[in-house]
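S.K.: Here it is, the structure, as structure tokens.
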Amino acid sequence: MSEQKYIAIGDIHGCFQSMKALLEKIKPYYDRKFIFVGDYIDRGPGSKQVVDYLLDFKEKVDCVFLRGNHEQMLLDAFHNHKKEMWLMNGGRTTIASYGSEGEEVKLPDSHKEFYENTRLYYDTEDYFFVHAGLSPAKTIAASIEDENEVQEFLWERSHLNAFETPWEKTVVFGHTPSSKPIQKENMIGIDTGCVFDRMGYGQLTAVKLPEEEFIQQTAID
């Protein structure tokens, strides 16, 4: 086991005030590597503010920013003119946060680079960090080699119902909201539905690793 310590943070979805409050709570751990598992934008009111803050935050703290399916939908809207999917999934709130009306938005160059430079996964000796999850039928190594990895890493959910997986290490992920963090053998899920005010959701979650201790902030946006 390596001695590297991490903080992983779940799906923010434009909940700027909640994110700021959570990051304030975990200030004592700013010496760790921070892994954000994606979905910074959409649905919540403050997508632009979230990215502004994270661009500043990474100057002070060692950060890895993973890509969520929502960042992928934004990039598809910009690069492939596939806008409908993004707009149907909360893109309009992101557009509004940039001060635009309708369906057009001009992103600052720094934000465009932020979205484009997000990573599909972050692999370490003890943990594999990814937005959505991995196929429960394959090893992590096989998933990385698979040319369809983008869909899997951004959208996968089937692992949540798997009895067991062949994964070589613990996979840490977000994407699928649950009322409390998911802890099973070789998997930790940290999307607790910050942006959803229903069904026991409404928490933004961080996990300290390797301790597997959770720190939460109730949504305040």
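Ligands are numbered from 1 in the order shown, chains are lettered A, B, ... in the order of the structure tokens, and residues start at 1 in each chain.
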Where in segment 5-210 of chain A does DSSP assign helix (DSSP H, G or I), given as a ChimeraX atom specification?
M.R.: /A:16-25,27-29,47-57,69-79,84-97,109-117,140-145,149-155,158-161
S.K.: Got time to write the residues from that selection, C-alpha atoms, as a short mmCIF file (atom, residue, chain, number, x, y, z; two decimals), in the first residue's frame?
M.R.:
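The resulting file, out.cif, is shown below:
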data_model
loop_
_atom_site.label_atom_id
_atom_site.label_comp_id
_atom_site.auth_asym_id
_atom_site.auth_seq_id
_atom_site.Cartn_x
_atom_site.Cartn_y
_atom_site.Cartn_z
CA PHE A 16 -21.19 26.47 -5.88
CA GLN A 17 -22.03 27.49 -2.31
CA SER A 18 -22.18 23.87 -1.15
CA MET A 19 -18.83 23.11 -2.79
CA LYS A 20 -17.21 26.16 -1.20
CA ALA A 21 -18.53 25.15 2.23
CA LEU A 22 -17.27 21.58 1.82
CA LEU A 23 -13.82 22.71 0.70
CA GLU A 24 -13.67 24.98 3.75
CA LYS A 25 -14.51 21.99 5.98
CA LYS A 27 -9.06 22.69 4.68
CA PRO A 28 -6.91 20.66 7.11
CA TYR A 29 -6.30 18.17 4.29
CA SER A 47 -21.69 26.15 -12.91
CA LYS A 48 -19.52 29.06 -14.07
CA GLN A 49 -18.72 30.00 -10.47
CA VAL A 50 -17.73 26.39 -9.69
CA VAL A 51 -15.19 26.35 -12.53
CA ASP A 52 -13.89 29.84 -11.67
CA TYR A 53 -13.29 28.68 -8.11
CA LEU A 54 -11.62 25.40 -9.10
CA LEU A 55 -9.27 27.18 -11.50
CA ASP A 56 -8.09 29.24 -8.54
CA PHE A 57 -8.16 26.30 -6.12
CA ASN A 69 -20.82 12.74 -18.61
CA HIS A 70 -22.08 16.32 -18.26
CA GLU A 71 -18.73 17.80 -19.31
CA GLN A 72 -18.73 15.34 -22.21
CA MET A 73 -22.21 16.53 -23.25
CA LEU A 74 -20.99 20.15 -23.13
CA LEU A 75 -17.96 19.26 -25.27
CA ASP A 76 -20.17 17.36 -27.72
CA ALA A 77 -22.40 20.43 -27.98
CA PHE A 78 -19.40 22.61 -28.80
CA HIS A 79 -17.37 20.31 -31.01
CA GLU A 84 -30.08 18.50 -27.62
CA MET A 85 -28.73 15.92 -25.17
CA TRP A 86 -26.93 18.58 -23.15
CA LEU A 87 -29.91 20.94 -23.05
CA MET A 88 -32.19 18.10 -21.94
CA ASN A 89 -29.86 17.29 -19.05
CA GLY A 90 -29.47 20.62 -17.30
CA GLY A 91 -27.34 22.47 -19.85
CA ARG A 92 -29.62 25.50 -19.80
CA THR A 93 -28.69 26.30 -16.19
CA THR A 94 -25.03 26.22 -17.19
CA ILE A 95 -25.69 28.56 -20.11
CA ALA A 96 -27.55 30.91 -17.76
CA SER A 97 -24.65 30.88 -15.27
CA ASP A 109 -10.83 30.27 -22.94
CA SER A 110 -9.74 29.15 -19.47
CA HIS A 111 -13.06 27.34 -18.97
CA LYS A 112 -12.93 25.72 -22.39
CA GLU A 113 -9.46 24.43 -21.56
CA PHE A 114 -10.65 23.22 -18.18
CA TYR A 115 -13.40 21.09 -19.76
CA GLU A 116 -11.15 19.82 -22.55
CA ASN A 117 -8.33 18.89 -20.16
CA ILE A 140 -9.58 -2.57 -14.66
CA ALA A 141 -6.70 -3.25 -17.05
CA ALA A 142 -9.12 -4.66 -19.65
CA SER A 143 -11.40 -1.64 -19.30
CA ILE A 144 -8.48 0.73 -19.88
CA GLU A 145 -7.53 -1.18 -23.04
CA GLU A 149 -13.81 3.14 -22.56
CA VAL A 150 -15.29 6.65 -22.94
CA GLN A 151 -18.87 5.42 -22.71
CA GLU A 152 -18.04 3.08 -19.87
CA PHE A 153 -16.11 5.56 -17.77
CA LEU A 154 -18.74 8.28 -18.22
CA TRP A 155 -22.01 6.33 -18.09
CA SER A 158 -24.11 -2.00 -13.98
CA HIS A 159 -21.37 -2.47 -11.36
CA LEU A 160 -23.78 -1.26 -8.68
CA ASN A 161 -25.78 -4.46 -8.94
#
S.K.: Could you write out, as a compact mmCIF listing (two decimals) with all heavy atoms, in the first residue's frame, all the residues of segment 3-221 of chain A that DSSP marks as strand (DSSP E or B)?
M.R.:
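Saved as selection17.txt:
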# COMPACT_ATOMS: atom_id res chain seq x y z
N TYR A 6 -5.38 10.84 -0.23
CA TYR A 6 -6.25 11.53 -1.18
C TYR A 6 -7.50 12.08 -0.50
O TYR A 6 -7.92 11.61 0.57
CB TYR A 6 -6.73 10.55 -2.27
CG TYR A 6 -5.62 9.85 -3.01
CD1 TYR A 6 -5.19 8.58 -2.62
CD2 TYR A 6 -4.99 10.45 -4.10
CE1 TYR A 6 -4.17 7.93 -3.29
CE2 TYR A 6 -3.97 9.81 -4.78
CZ TYR A 6 -3.56 8.55 -4.37
OH TYR A 6 -2.56 7.91 -5.04
N ILE A 7 -8.09 13.05 -1.17
CA ILE A 7 -9.47 13.46 -0.92
C ILE A 7 -10.18 13.37 -2.26
O ILE A 7 -9.73 13.96 -3.25
CB ILE A 7 -9.56 14.93 -0.43
CG1 ILE A 7 -8.88 15.11 0.94
CG2 ILE A 7 -11.01 15.39 -0.39
CD1 ILE A 7 -9.71 14.70 2.13
N ALA A 8 -11.24 12.59 -2.32
CA ALA A 8 -12.05 12.53 -3.54
C ALA A 8 -13.38 13.20 -3.28
O ALA A 8 -13.97 13.05 -2.20
CB ALA A 8 -12.27 11.08 -3.97
N ILE A 9 -13.85 13.96 -4.27
CA ILE A 9 -15.06 14.77 -4.10
C ILE A 9 -16.08 14.42 -5.18
O ILE A 9 -15.75 14.32 -6.36
CB ILE A 9 -14.71 16.27 -4.15
CG1 ILE A 9 -13.83 16.60 -2.94
CG2 ILE A 9 -15.96 17.15 -4.16
CD1 ILE A 9 -13.32 17.99 -2.88
N LYS A 33 -3.62 15.00 -2.25
CA LYS A 33 -4.03 15.13 -3.65
C LYS A 33 -5.56 15.06 -3.69
O LYS A 33 -6.16 14.14 -3.14
CB LYS A 33 -3.43 14.01 -4.51
CG LYS A 33 -3.73 14.19 -6.00
CD LYS A 33 -3.12 13.08 -6.83
CE LYS A 33 -1.66 13.30 -7.11
NZ LYS A 33 -1.39 14.34 -8.13
N PHE A 34 -6.17 16.05 -4.34
CA PHE A 34 -7.63 16.11 -4.46
C PHE A 34 -8.06 15.56 -5.82
O PHE A 34 -7.55 15.99 -6.85
CB PHE A 34 -8.11 17.56 -4.34
CG PHE A 34 -8.31 18.03 -2.91
CD1 PHE A 34 -7.29 17.91 -1.97
CD2 PHE A 34 -9.52 18.59 -2.51
CE1 PHE A 34 -7.48 18.34 -0.66
CE2 PHE A 34 -9.71 19.02 -1.20
CZ PHE A 34 -8.69 18.89 -0.27
N ILE A 35 -8.99 14.64 -5.81
CA ILE A 35 -9.53 14.08 -7.05
C ILE A 35 -11.00 14.46 -7.13
O ILE A 35 -11.81 14.05 -6.29
CB ILE A 35 -9.43 12.53 -7.09
CG1 ILE A 35 -8.11 12.03 -6.52
CG2 ILE A 35 -9.71 12.01 -8.50
CD1 ILE A 35 -6.90 12.23 -7.36
N PHE A 36 -11.35 15.24 -8.12
CA PHE A 36 -12.76 15.59 -8.36
C PHE A 36 -13.29 14.64 -9.44
O PHE A 36 -12.70 14.53 -10.52
CB PHE A 36 -12.87 17.04 -8.84
CG PHE A 36 -12.50 18.06 -7.79
CD1 PHE A 36 -11.17 18.38 -7.54
CD2 PHE A 36 -13.49 18.70 -7.03
CE1 PHE A 36 -10.83 19.33 -6.57
CE2 PHE A 36 -13.15 19.64 -6.06
CZ PHE A 36 -11.82 19.96 -5.83
N CYS A 63 -4.49 19.04 -7.62
CA CYS A 63 -5.81 18.57 -8.04
C CYS A 63 -5.76 17.73 -9.30
O CYS A 63 -4.94 17.98 -10.20
CB CYS A 63 -6.74 19.75 -8.33
SG CYS A 63 -7.18 20.73 -6.89
N VAL A 64 -6.66 16.76 -9.38
CA VAL A 64 -6.94 16.02 -10.61
C VAL A 64 -8.42 16.21 -10.90
O VAL A 64 -9.27 15.97 -10.04
CB VAL A 64 -6.63 14.52 -10.45
CG1 VAL A 64 -7.09 13.74 -11.68
CG2 VAL A 64 -5.14 14.31 -10.20
N PHE A 65 -8.74 16.66 -12.11
CA PHE A 65 -10.13 16.89 -12.49
C PHE A 65 -10.55 15.84 -13.52
O PHE A 65 -10.05 15.82 -14.65
CB PHE A 65 -10.31 18.29 -13.09
CG PHE A 65 -9.97 19.39 -12.11
CD1 PHE A 65 -8.87 20.20 -12.31
CD2 PHE A 65 -10.76 19.61 -10.99
CE1 PHE A 65 -8.55 21.22 -11.42
CE2 PHE A 65 -10.46 20.63 -10.09
CZ PHE A 65 -9.35 21.43 -10.31
N LEU A 66 -11.44 14.96 -13.10
CA LEU A 66 -11.96 13.95 -14.02
C LEU A 66 -13.12 14.51 -14.83
O LEU A 66 -13.78 15.47 -14.43
CB LEU A 66 -12.41 12.70 -13.25
CG LEU A 66 -11.33 11.99 -12.43
CD1 LEU A 66 -11.88 10.71 -11.83
CD2 LEU A 66 -10.10 11.68 -13.28
N ARG A 119 -9.78 14.56 -17.29
CA ARG A 119 -9.27 13.22 -17.58
C ARG A 119 -10.37 12.17 -17.44
O ARG A 119 -11.27 12.32 -16.61
CB ARG A 119 -8.12 12.88 -16.62
CG ARG A 119 -6.99 13.89 -16.71
CD ARG A 119 -6.05 13.84 -15.53
NE ARG A 119 -5.30 12.59 -15.48
CZ ARG A 119 -4.09 12.49 -14.94
NH1 ARG A 119 -3.49 13.55 -14.42
NH2 ARG A 119 -3.47 11.34 -14.90
N TYR A 121 -9.92 9.07 -16.42
CA TYR A 121 -9.71 8.30 -15.19
C TYR A 121 -8.38 8.71 -14.58
O TYR A 121 -7.56 9.37 -15.23
CB TYR A 121 -9.73 6.78 -15.47
CG TYR A 121 -8.63 6.31 -16.40
CD1 TYR A 121 -7.36 6.00 -15.92
CD2 TYR A 121 -8.88 6.16 -17.77
CE1 TYR A 121 -6.35 5.57 -16.77
CE2 TYR A 121 -7.87 5.73 -18.63
CZ TYR A 121 -6.62 5.43 -18.12
OH TYR A 121 -5.61 5.01 -18.95
N TYR A 122 -8.17 8.29 -13.33
CA TYR A 122 -6.89 8.51 -12.67
C TYR A 122 -6.55 7.23 -11.94
O TYR A 122 -7.27 6.80 -11.04
CB TYR A 122 -6.97 9.69 -11.70
CG TYR A 122 -5.64 10.05 -11.08
CD1 TYR A 122 -4.60 10.52 -11.86
CD2 TYR A 122 -5.42 9.90 -9.71
CE1 TYR A 122 -3.38 10.85 -11.30
CE2 TYR A 122 -4.21 10.23 -9.14
CZ TYR A 122 -3.19 10.70 -9.94
OH TYR A 122 -1.96 11.02 -9.38
N ASP A 123 -5.46 6.62 -12.35
CA ASP A 123 -5.09 5.30 -11.85
C ASP A 123 -3.92 5.44 -10.88
O ASP A 123 -2.90 6.07 -11.21
CB ASP A 123 -4.70 4.41 -13.05
CG ASP A 123 -4.62 2.94 -12.67
OD1 ASP A 123 -5.04 2.58 -11.55
OD2 ASP A 123 -4.14 2.14 -13.51
N TYR A 127 -5.94 2.83 -5.83
CA TYR A 127 -7.29 3.24 -6.22
C TYR A 127 -7.35 3.55 -7.71
O TYR A 127 -6.37 3.99 -8.31
CB TYR A 127 -7.72 4.50 -5.45
CG TYR A 127 -7.65 4.34 -3.96
CD1 TYR A 127 -6.56 4.83 -3.24
CD2 TYR A 127 -8.66 3.68 -3.27
CE1 TYR A 127 -6.47 4.66 -1.87
CE2 TYR A 127 -8.58 3.50 -1.89
CZ TYR A 127 -7.48 3.99 -1.20
OH TYR A 127 -7.39 3.81 0.15
N PHE A 128 -8.54 3.34 -8.26
CA PHE A 128 -8.83 3.75 -9.63
C PHE A 128 -10.00 4.72 -9.54
O PHE A 128 -11.10 4.34 -9.13
CB PHE A 128 -9.20 2.54 -10.49
CG PHE A 128 -9.37 2.86 -11.96
CD1 PHE A 128 -8.28 2.92 -12.80
CD2 PHE A 128 -10.63 3.12 -12.49
CE1 PHE A 128 -8.42 3.22 -14.15
CE2 PHE A 128 -10.80 3.42 -13.82
CZ PHE A 128 -9.68 3.47 -14.66
N PHE A 129 -9.76 5.98 -9.89
CA PHE A 129 -10.78 7.02 -9.81
C PHE A 129 -11.39 7.22 -11.19
O PHE A 129 -10.67 7.36 -12.19
CB PHE A 129 -10.17 8.34 -9.34
CG PHE A 129 -9.54 8.28 -7.96
CD1 PHE A 129 -8.19 7.96 -7.81
CD2 PHE A 129 -10.29 8.55 -6.83
CE1 PHE A 129 -7.60 7.92 -6.55
CE2 PHE A 129 -9.71 8.51 -5.56
CZ PHE A 129 -8.36 8.19 -5.42
N VAL A 130 -12.71 7.27 -11.26
CA VAL A 130 -13.41 7.40 -12.53
C VAL A 130 -14.77 8.04 -12.26
O VAL A 130 -15.27 7.99 -11.13
CB VAL A 130 -13.56 6.01 -13.19
CG1 VAL A 130 -14.48 5.10 -12.38
CG2 VAL A 130 -13.99 6.09 -14.65
N THR A 170 -9.50 -0.81 -5.47
CA THR A 170 -10.76 -0.13 -5.17
C THR A 170 -11.04 0.95 -6.23
O THR A 170 -10.17 1.76 -6.55
CB THR A 170 -10.69 0.52 -3.78
OG1 THR A 170 -10.52 -0.52 -2.81
CG2 THR A 170 -11.99 1.29 -3.47
N VAL A 171 -12.26 0.93 -6.75
CA VAL A 171 -12.71 1.92 -7.72
C VAL A 171 -13.55 2.98 -6.99
O VAL A 171 -14.49 2.64 -6.25
CB VAL A 171 -13.54 1.26 -8.85
CG1 VAL A 171 -14.12 2.32 -9.79
CG2 VAL A 171 -12.67 0.28 -9.63
N VAL A 172 -13.18 4.24 -7.17
CA VAL A 172 -13.88 5.36 -6.53
C VAL A 172 -14.59 6.14 -7.63
O VAL A 172 -13.98 6.52 -8.63
CB VAL A 172 -12.89 6.28 -5.79
CG1 VAL A 172 -13.64 7.41 -5.08
CG2 VAL A 172 -12.04 5.48 -4.79
N PHE A 173 -15.90 6.36 -7.46
CA PHE A 173 -16.71 6.92 -8.55
C PHE A 173 -17.85 7.79 -8.02
O PHE A 173 -18.16 7.79 -6.83
CB PHE A 173 -17.29 5.77 -9.40
CG PHE A 173 -18.15 4.81 -8.61
CD1 PHE A 173 -19.51 5.00 -8.47
CD2 PHE A 173 -17.56 3.72 -7.97
CE1 PHE A 173 -20.29 4.12 -7.72
CE2 PHE A 173 -18.34 2.84 -7.21
CZ PHE A 173 -19.71 3.05 -7.10
N ILE A 182 -21.66 4.85 -1.11
CA ILE A 182 -21.65 3.41 -1.38
C ILE A 182 -20.31 2.84 -0.95
O ILE A 182 -19.26 3.34 -1.36
CB ILE A 182 -21.89 3.15 -2.88
CG1 ILE A 182 -23.29 3.61 -3.29
CG2 ILE A 182 -21.68 1.67 -3.22
CD1 ILE A 182 -23.47 3.74 -4.79
N GLN A 183 -20.35 1.83 -0.12
CA GLN A 183 -19.14 1.12 0.29
C GLN A 183 -19.36 -0.37 0.13
O GLN A 183 -20.11 -0.98 0.88
CB GLN A 183 -18.79 1.42 1.74
CG GLN A 183 -17.95 2.66 1.95
CD GLN A 183 -17.61 2.85 3.42
OE1 GLN A 183 -18.49 3.04 4.26
NE2 GLN A 183 -16.33 2.82 3.74
N LYS A 184 -18.73 -0.94 -0.89
CA LYS A 184 -18.76 -2.38 -1.10
C LYS A 184 -17.33 -2.83 -1.34
O LYS A 184 -16.42 -2.00 -1.45
CB LYS A 184 -19.62 -2.73 -2.33
CG LYS A 184 -21.09 -2.38 -2.22
CD LYS A 184 -21.79 -2.89 -3.48
CE LYS A 184 -23.25 -2.49 -3.52
NZ LYS A 184 -23.92 -2.97 -4.73
N MET A 187 -15.26 -1.02 -4.11
CA MET A 187 -15.93 0.14 -4.69
C MET A 187 -16.40 1.13 -3.63
O MET A 187 -16.88 0.76 -2.57
CB MET A 187 -17.07 -0.26 -5.63
CG MET A 187 -18.26 -0.93 -5.07
SD MET A 187 -19.59 -1.14 -6.33
CE MET A 187 -19.05 -2.59 -7.22
N ILE A 188 -16.21 2.41 -3.97
CA ILE A 188 -16.67 3.51 -3.12
C ILE A 188 -17.38 4.51 -4.03
O ILE A 188 -16.79 5.04 -4.96
CB ILE A 188 -15.50 4.21 -2.40
CG1 ILE A 188 -14.77 3.24 -1.46
CG2 ILE A 188 -16.00 5.43 -1.62
CD1 ILE A 188 -13.49 3.82 -0.84
N GLY A 189 -18.66 4.76 -3.77
CA GLY A 189 -19.45 5.72 -4.55
C GLY A 189 -19.72 6.96 -3.73
O GLY A 189 -20.18 6.86 -2.59
N GLN A 203 -26.69 16.06 -0.39
CA GLN A 203 -25.40 16.16 0.30
C GLN A 203 -24.29 16.18 -0.75
O GLN A 203 -24.37 15.47 -1.76
CB GLN A 203 -25.17 14.95 1.21
CG GLN A 203 -26.18 14.77 2.32
CD GLN A 203 -25.91 15.66 3.52
OE1 GLN A 203 -24.80 16.14 3.72
NE2 GLN A 203 -26.93 15.91 4.32
N LEU A 204 -23.26 16.97 -0.49
CA LEU A 204 -22.04 16.90 -1.28
C LEU A 204 -21.02 16.15 -0.42
O LEU A 204 -20.81 16.50 0.75
CB LEU A 204 -21.52 18.29 -1.63
CG LEU A 204 -20.29 18.35 -2.54
CD1 LEU A 204 -20.55 17.65 -3.87
CD2 LEU A 204 -19.86 19.80 -2.79
N THR A 205 -20.43 15.12 -0.99
CA THR A 205 -19.60 14.20 -0.21
C THR A 205 -18.15 14.20 -0.67
O THR A 205 -17.86 14.18 -1.86
CB THR A 205 -20.17 12.77 -0.32
OG1 THR A 205 -21.46 12.73 0.30
CG2 THR A 205 -19.27 11.74 0.37
N ALA A 206 -17.26 14.19 0.32
CA ALA A 206 -15.84 13.93 0.09
C ALA A 206 -15.46 12.69 0.88
O ALA A 206 -16.07 12.37 1.90
CB ALA A 206 -15.01 15.12 0.55
N VAL A 207 -14.46 11.96 0.38
CA VAL A 207 -13.96 10.81 1.12
C VAL A 207 -12.46 10.96 1.31
O VAL A 207 -11.73 11.31 0.38
CB VAL A 207 -14.31 9.46 0.43
CG1 VAL A 207 -13.72 9.37 -0.97
CG2 VAL A 207 -13.88 8.27 1.29
N LYS A 208 -12.02 10.74 2.55
CA LYS A 208 -10.59 10.71 2.86
C LYS A 208 -10.07 9.30 2.62
O LYS A 208 -10.68 8.33 3.10
CB LYS A 208 -10.36 11.06 4.33
CG LYS A 208 -10.56 12.50 4.70
CD LYS A 208 -10.64 12.66 6.22
CE LYS A 208 -9.38 12.19 6.93
NZ LYS A 208 -9.55 12.24 8.41
N LEU A 209 -8.98 9.23 1.86
CA LEU A 209 -8.38 7.92 1.58
C LEU A 209 -6.91 7.95 1.98
O LEU A 209 -6.25 8.97 1.78
CB LEU A 209 -8.50 7.60 0.08
CG LEU A 209 -9.94 7.50 -0.45
CD1 LEU A 209 -9.95 7.45 -1.96
CD2 LEU A 209 -10.63 6.27 0.13
N GLU A 213 -12.98 7.66 5.30
CA GLU A 213 -13.86 8.49 6.14
C GLU A 213 -14.55 9.50 5.24
O GLU A 213 -13.92 10.13 4.39
CB GLU A 213 -13.04 9.23 7.20
CG GLU A 213 -12.46 8.33 8.27
CD GLU A 213 -11.53 9.11 9.21
OE1 GLU A 213 -11.57 10.37 9.21
OE2 GLU A 213 -10.76 8.45 9.95
N PHE A 214 -15.84 9.70 5.47
CA PHE A 214 -16.63 10.60 4.63
C PHE A 214 -16.86 11.92 5.35
O PHE A 214 -17.12 11.96 6.54
CB PHE A 214 -17.97 9.95 4.27
CG PHE A 214 -17.82 8.67 3.48
CD1 PHE A 214 -17.86 7.44 4.10
CD2 PHE A 214 -17.59 8.73 2.11
CE1 PHE A 214 -17.68 6.27 3.38
CE2 PHE A 214 -17.42 7.57 1.37
CZ PHE A 214 -17.47 6.34 2.00
N ILE A 215 -16.76 13.00 4.59
CA ILE A 215 -17.05 14.34 5.08
C ILE A 215 -18.13 14.90 4.16
O ILE A 215 -17.98 14.87 2.94
CB ILE A 215 -15.80 15.23 5.06
CG1 ILE A 215 -14.68 14.59 5.90
CG2 ILE A 215 -16.12 16.64 5.57
CD1 ILE A 215 -13.32 15.21 5.69
N GLN A 216 -19.21 15.42 4.76
CA GLN A 216 -20.34 15.84 3.94
C GLN A 216 -20.76 17.27 4.24
O GLN A 216 -20.55 17.78 5.34
CB GLN A 216 -21.53 14.89 4.14
CG GLN A 216 -21.26 13.48 3.62
CD GLN A 216 -22.49 12.61 3.67
OE1 GLN A 216 -23.04 12.37 4.74
NE2 GLN A 216 -22.93 12.14 2.52
N GLN A 217 -21.35 17.88 3.22
CA GLN A 217 -21.92 19.22 3.34
C GLN A 217 -23.36 19.15 2.82
O GLN A 217 -23.58 18.76 1.69
CB GLN A 217 -21.11 20.22 2.53
CG GLN A 217 -21.75 21.59 2.38
CD GLN A 217 -21.93 22.29 3.72
OE1 GLN A 217 -21.01 22.35 4.53
NE2 GLN A 217 -23.12 22.85 3.96
N THR A 218 -24.30 19.56 3.66
CA THR A 218 -25.69 19.63 3.20
C THR A 218 -25.82 20.76 2.18
O THR A 218 -25.24 21.82 2.35
CB THR A 218 -26.63 19.90 4.39
OG1 THR A 218 -26.47 18.81 5.34
CG2 THR A 218 -28.08 19.95 3.96
S.K.: Rounded to one decimal place, report the atom CA of Gly10 of chain A-atom CA of Pro166 of chain A distance in Å.
M.R.: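 Atom CA of Gly10 of chain A sits 23.9 Å away from atom CA of Pro166 of chain A.
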S.K.: Which value, in Å to one decimal, gives the distance between atom CA of Arg32 of chain A and atom CA of Lys5 of chain A?
M.R.: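 Computed distance, atom CA of Arg32 of chain A to atom CA of Lys5 of chain A, equals 5.6 Å.
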S.K.: Counting only C-alpha atoms, which of A:Lys106, A:Lys169, A:Arg157, A:Lys138 gets nearest to Asp126 of chain A?
M.R.: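 When distances to Asp126 of chain A are compared using only C-alpha atoms, the smallest one comes from A:Lys169.
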S.K.: Do you know which residues are at most 7 Å from Gly14 of chain A counting only C-alpha atoms, after dropping those on the same chain fewer than 3 positions away, and could you put them as a ChimeraX atom specification?
M.R.: /A:40-47,50
S.K.: Restricting it to C-alpha atoms, dump the selection as a PDB file, in the first residue's frame.
M.R.:
ATOM      1  CA  TYR A  40     -19.035  20.157 -12.094  1.00  0.00           C
ATOM      2  CA  ILE A  41     -21.818  21.690 -14.183  1.00  0.00           C
ATOM      3  CA  ASP A  42     -25.524  21.529 -15.104  1.00  0.00           C
ATOM      4  CA  ARG A  43     -28.724  21.497 -13.051  1.00  0.00           C
ATOM      5  CA  GLY A  44     -27.452  23.670 -10.179  1.00  0.00           C
ATOM      6  CA  PRO A  45     -27.309  27.478 -10.469  1.00  0.00           C
ATOM      7  CA  GLY A  46     -23.563  28.155 -10.270  1.00  0.00           C
ATOM      8  CA  SER A  47     -21.687  26.149 -12.914  1.00  0.00           C
ATOM      9  CA  VAL A  50     -17.729  26.391  -9.689  1.00  0.00           C
TER      10      VAL A  50
END
S.K.: If we count only C-alpha atoms, what is near Phe196 of chain A at a cut-off of 10 Å, once residues fewer than 3 positions away on the same chain are taken out, given as a VMD selection string?
M.R.: chain A and resid 13 43 to 44 177 192 to 193 199 to 203 219
S.K.: Emit the selected residues as a JSON list (two decimals), in the first residue's frame, including N, CA, C and O atoms.
M.R.:
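The result, written out as part_29.json:
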[["chain", "number", "residue", "atom", "x", "y", "z"],
["A", 13, "HIS", "N", -22.35, 19.54, -9.69],
["A", 13, "HIS", "CA", -23.52, 19.98, -10.47],
["A", 13, "HIS", "C", -23.94, 21.42, -10.21],
["A", 13, "HIS", "O", -25.10, 21.71, -9.94],
["A", 43, "ARG", "N", -27.65, 21.66, -14.04],
["A", 43, "ARG", "CA", -28.72, 21.50, -13.05],
["A", 43, "ARG", "C", -28.68, 22.53, -11.94],
["A", 43, "ARG", "O", -29.65, 23.19, -11.68],
["A", 44, "GLY", "N", -27.56, 22.66, -11.23],
["A", 44, "GLY", "CA", -27.45, 23.67, -10.18],
["A", 44, "GLY", "C", -27.19, 25.05, -10.76],
["A", 44, "GLY", "O", -26.82, 25.18, -11.93],
["A", 177, "PRO", "N", -26.49, 8.98, -8.11],
["A", 177, "PRO", "CA", -26.76, 9.49, -6.76],
["A", 177, "PRO", "C", -27.36, 8.43, -5.85],
["A", 177, "PRO", "O", -28.18, 7.62, -6.28],
["A", 192, "THR", "N", -23.81, 11.79, -3.70],
["A", 192, "THR", "CA", -24.96, 11.76, -2.80],
["A", 192, "THR", "C", -25.98, 12.83, -3.18],
["A", 192, "THR", "O", -26.70, 13.36, -2.34],
["A", 193, "GLY", "N", -26.04, 13.13, -4.47],
["A", 193, "GLY", "CA", -27.13, 13.94, -5.02],
["A", 193, "GLY", "C", -27.24, 15.34, -4.47],
["A", 193, "GLY", "O", -28.33, 15.80, -4.13],
["A", 199, "MET", "N", -35.76, 12.51, -1.73],
["A", 199, "MET", "CA", -35.39, 11.12, -1.51],
["A", 199, "MET", "C", -34.13, 10.94, -0.67],
["A", 199, "MET", "O", -33.32, 10.06, -0.92],
["A", 200, "GLY", "N", -33.92, 11.84, 0.26],
["A", 200, "GLY", "CA", -32.76, 11.71, 1.14],
["A", 200, "GLY", "C", -31.45, 12.13, 0.52],
["A", 200, "GLY", "O", -30.39, 11.90, 1.08],
["A", 201, "TYR", "N", -31.51, 12.76, -0.68],
["A", 201, "TYR", "CA", -30.29, 13.26, -1.30],
["A", 201, "TYR", "C", -29.96, 14.63, -0.70],
["A", 201, "TYR", "O", -30.39, 14.96, 0.39],
["A", 202, "GLY", "N", -29.21, 15.44, -1.45],
["A", 202, "GLY", "CA", -28.93, 16.80, -0.99],
["A", 202, "GLY", "C", -27.68, 16.93, -0.15],
["A", 202, "GLY", "O", -27.59, 17.81, 0.71],
["A", 203, "GLN", "N", -26.69, 16.06, -0.39],
["A", 203, "GLN", "CA", -25.40, 16.16, 0.30],
["A", 203, "GLN", "C", -24.29, 16.18, -0.75],
["A", 203, "GLN", "O", -24.37, 15.47, -1.76],
["A", 219, "ALA", "N", -26.57, 20.49, 1.13],
["A", 219, "ALA", "CA", -26.72, 21.46, 0.05],
["A", 219, "ALA", "C", -27.30, 22.77, 0.57],
["A", 219, "ALA", "O", -28.29, 22.78, 1.32]]
